[in-house]
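Colleague: Below is my_file-v3.cif; it holds mmCIF, C-alpha atoms.
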```
data_entry
loop_
_atom_site.label_atom_id
_atom_site.label_comp_id
_atom_site.auth_asym_id
_atom_site.auth_seq_id
_atom_site.Cartn_x
_atom_site.Cartn_y
_atom_site.Cartn_z
CA MET A 1 -1.21 -7.97 -6.30
CA CYS A 2 -3.19 -5.87 -3.86
CA ASP A 3 -6.81 -5.47 -4.77
CA PHE A 4 -6.81 -1.79 -5.67
CA ASP A 5 -10.35 -1.01 -6.78
CA ASN A 6 -9.90 2.04 -8.99
CA ASP A 7 -13.56 2.20 -10.07
CA TYR A 8 -14.41 4.93 -7.56
CA PRO A 9 -12.93 8.38 -7.00
CA ALA A 10 -10.95 8.59 -3.77
CA THR A 11 -11.65 11.60 -1.59
CA LEU A 12 -8.18 11.40 -0.08
CA TRP A 13 -5.29 9.05 -0.82
CA LYS A 14 -1.62 8.79 0.00
CA ASN A 15 1.16 6.40 -1.01
CA GLU A 16 4.56 6.59 0.63
CA VAL A 17 7.59 4.52 1.48
CA ARG A 18 7.96 3.98 5.21
CA ARG A 19 10.25 2.06 7.55
CA ALA A 20 8.37 -0.57 9.57
CA ARG A 21 8.19 -0.01 13.32
CA LYS A 22 6.58 -3.43 13.73
CA ASP A 23 6.09 -6.55 11.61
CA TYR A 24 3.50 -6.49 8.80
CA ARG A 25 2.39 -8.88 6.08
CA CYS A 26 2.52 -7.76 2.42
CA CYS A 27 -1.01 -7.36 1.04
CA SER A 28 0.11 -8.76 -2.33
CA CYS A 29 2.48 -11.68 -1.87
CA GLY A 30 1.83 -12.41 1.80
CA LEU A 31 5.49 -12.34 2.77
CA SER A 32 6.52 -10.81 6.06
CA ILE A 33 7.66 -7.20 6.26
CA GLN A 34 10.06 -7.21 9.20
CA LYS A 35 10.51 -4.42 11.70
CA GLY A 36 13.12 -2.04 10.20
CA ASP A 37 12.36 -2.96 6.56
CA GLN A 38 11.15 -0.35 4.11
CA TYR A 39 7.69 -0.91 2.66
CA GLU A 40 4.98 0.95 0.75
CA TYR A 41 2.07 2.30 2.78
CA HIS A 42 -1.22 2.99 0.98
CA PHE A 43 -3.98 5.08 2.58
CA ASP A 44 -7.35 5.72 0.95
CA LEU A 45 -10.49 7.52 2.12
CA SER A 46 -13.48 7.09 -0.14
CA ASP A 47 -17.19 7.38 0.61
CA GLY A 48 -16.36 7.64 4.31
CA THR A 49 -14.45 4.35 4.32
CA VAL A 50 -10.77 4.27 5.28
CA SER A 51 -8.50 1.63 3.77
CA THR A 52 -4.82 1.05 4.58
CA GLU A 53 -2.45 -1.49 3.05
CA HIS A 54 1.19 -2.47 3.49
CA ALA A 55 3.18 -3.81 0.53
CA CYS A 56 6.78 -4.94 0.24
CA LEU A 57 8.87 -2.77 -2.08
CA GLU A 58 8.95 -5.44 -4.81
CA CYS A 59 5.16 -5.72 -4.95
CA GLY A 60 4.83 -1.93 -4.72
CA ALA A 61 7.08 -1.52 -7.77
CA ALA A 62 5.18 -4.21 -9.68
CA ASN A 63 1.88 -2.51 -8.83
CA LYS A 64 3.13 0.82 -10.19
CA ILE A 65 4.14 -0.83 -13.49
CA PHE A 66 0.85 -2.73 -13.70
CA HIS A 67 -1.30 0.37 -13.10
CA GLU A 68 0.61 2.84 -15.31
CA GLU A 69 -1.62 4.50 -17.83
#
```
Let's see the structure in the file written out as structure tokens.
Modeller:
Amino acid sequence: MCDFDNDYPATLWKNEVRRARKDYRCCSCGLSIQKGDQYEYHFDLSDGTVSTEHACLECGAANKIFHEE
């Protein structure tokens, strides 16, 4: 799974499903996200540091289940 460090409060964050305009690599499983595929985009701004991650839909769904409270 992606290394989502939830020990700090994020100033700004956004998660959304996007369609890839270029190839990416899933941050969790390492598989390729091909141009045209849907994927989950994660944006986080915390303590002045910006973090972005790309996850395939399968890993994104697993992450949501894993982090449900």
Colleague: Around (-4.2, 5.3, 3.2), as given in the file, which residues come within 9 Å? Count all atoms listed in the file and list them as an mmCIF file with C-alpha atoms, keeping the file's coordinate frame.
Modeller:
```
data_model
loop_
_atom_site.group_PDB
_atom_site.id
_atom_site.type_symbol
_atom_site.label_atom_id
_atom_site.label_comp_id
_atom_site.auth_asym_id
_atom_site.auth_seq_id
_atom_site.Cartn_x
_atom_site.Cartn_y
_atom_site.Cartn_z
ATOM 1 C CA LEU A 12 -8.180 11.400 -0.080
ATOM 2 C CA TRP A 13 -5.290 9.050 -0.820
ATOM 3 C CA LYS A 14 -1.620 8.790 0.000
ATOM 4 C CA ASN A 15 1.160 6.400 -1.010
ATOM 5 C CA TYR A 41 2.070 2.300 2.780
ATOM 6 C CA HIS A 42 -1.220 2.990 0.980
ATOM 7 C CA PHE A 43 -3.980 5.080 2.580
ATOM 8 C CA ASP A 44 -7.350 5.720 0.950
ATOM 9 C CA LEU A 45 -10.490 7.520 2.120
ATOM 10 C CA VAL A 50 -10.770 4.270 5.280
ATOM 11 C CA SER A 51 -8.500 1.630 3.770
ATOM 12 C CA THR A 52 -4.820 1.050 4.580
ATOM 13 C CA GLU A 53 -2.450 -1.490 3.050
#
```
Colleague: Care to translate the PyMOL selection byres ((chain A and resi 24-32) around 8) into actual residues of this file, as a list of chain:residue names?
Modeller: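 Written out, the selection comes to A:Met1, A:Cys2, A:Ala20, A:Lys22, A:Asp23, A:Ile33, A:Gln34, A:Lys35, A:Glu53, A:His54, A:Ala55, A:Cys56, A:Cys59.
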Colleague: Pick the closest to Gly60 in chain A from A:Glu40, A:Thr11, A:Val17, A:Asp47: which is it, counting only C-alpha atoms?
Modeller: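 Ranking A:Glu40, A:Thr11, A:Val17, A:Asp47 by distance to Gly60 in chain A, first place goes to A:Glu40.
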Colleague: Step by step: locate chain A in the block above, keep C-alpha atoms, then write the file as a short mmCIF file (atom, residue, chain, number, x, y, z; two decimals), in the first residue's frame.
Modeller:
```
data_model
loop_
_atom_site.label_atom_id
_atom_site.label_comp_id
_atom_site.auth_asym_id
_atom_site.auth_seq_id
_atom_site.Cartn_x
_atom_site.Cartn_y
_atom_site.Cartn_z
CA MET A 1 0.00 0.00 0.00
CA CYS A 2 1.04 3.62 -0.34
CA ASP A 3 2.80 5.01 2.67
CA PHE A 4 0.13 7.41 3.89
CA ASP A 5 1.52 8.95 7.06
CA ASN A 6 -1.60 10.04 8.92
CA ASP A 7 0.27 11.17 12.05
CA TYR A 8 0.19 14.83 11.04
CA PRO A 9 -2.70 17.14 10.19
CA ALA A 10 -2.78 18.04 6.50
CA THR A 11 -3.28 21.70 5.70
CA LEU A 12 -4.82 20.82 2.34
CA TRP A 13 -5.58 17.45 0.77
CA LYS A 14 -7.50 16.11 -2.18
CA ASN A 15 -8.27 12.63 -3.48
CA GLU A 16 -9.96 12.15 -6.83
CA VAL A 17 -10.32 9.70 -9.67
CA ARG A 18 -8.67 10.92 -12.85
CA ARG A 19 -8.00 9.62 -16.35
CA ALA A 20 -4.27 9.35 -17.10
CA ARG A 21 -2.93 11.67 -19.80
CA LYS A 22 0.43 9.91 -19.61
CA ASP A 23 1.81 6.69 -18.11
CA TYR A 24 2.30 6.46 -14.33
CA ARG A 25 3.38 3.77 -11.89
CA CYS A 26 1.07 2.81 -9.00
CA CYS A 27 2.57 3.93 -5.68
CA SER A 28 1.30 0.76 -3.99
CA CYS A 29 1.73 -2.26 -6.24
CA GLY A 30 4.16 -0.78 -8.76
CA LEU A 31 2.09 -1.79 -11.78
CA SER A 32 1.85 0.55 -14.73
CA ILE A 33 -1.07 2.95 -15.07
CA GLN A 34 -1.42 3.36 -18.83
CA LYS A 35 -2.41 6.53 -20.63
CA GLY A 36 -6.23 6.54 -20.76
CA ASP A 37 -6.69 4.39 -17.62
CA GLN A 38 -8.54 5.73 -14.61
CA TYR A 39 -6.51 6.05 -11.42
CA GLU A 40 -6.68 7.68 -8.00
CA TYR A 41 -4.74 10.92 -7.55
CA HIS A 42 -3.74 11.96 -4.02
CA PHE A 43 -2.55 15.49 -3.22
CA ASP A 44 -1.41 16.60 0.22
CA LEU A 45 0.04 19.87 1.53
CA SER A 46 1.34 19.70 5.07
CA ASP A 47 3.93 21.83 6.85
CA GLY A 48 4.77 23.46 3.52
CA THR A 49 5.56 20.14 1.85
CA VAL A 50 3.58 19.01 -1.19
CA SER A 51 3.08 15.30 -1.83
CA THR A 52 1.35 13.70 -4.82
CA GLU A 53 0.72 10.02 -5.49
CA HIS A 54 -0.89 7.96 -8.23
CA ALA A 55 -2.62 4.66 -7.39
CA CYS A 56 -4.42 2.15 -9.58
CA LEU A 57 -8.12 1.83 -8.78
CA GLU A 58 -7.66 -1.57 -7.11
CA CYS A 59 -5.04 -0.27 -4.68
CA GLY A 60 -7.08 2.89 -4.11
CA ALA A 61 -10.10 0.79 -3.11
CA ALA A 62 -7.98 -1.40 -0.84
CA ASN A 63 -6.50 1.70 0.81
CA LYS A 64 -9.96 3.08 1.55
CA ILE A 65 -10.98 -0.20 3.22
CA PHE A 66 -7.72 -0.39 5.16
CA HIS A 67 -7.97 3.18 6.49
CA GLU A 68 -11.70 3.22 7.35
CA GLU A 69 -12.31 4.22 10.91
#
```
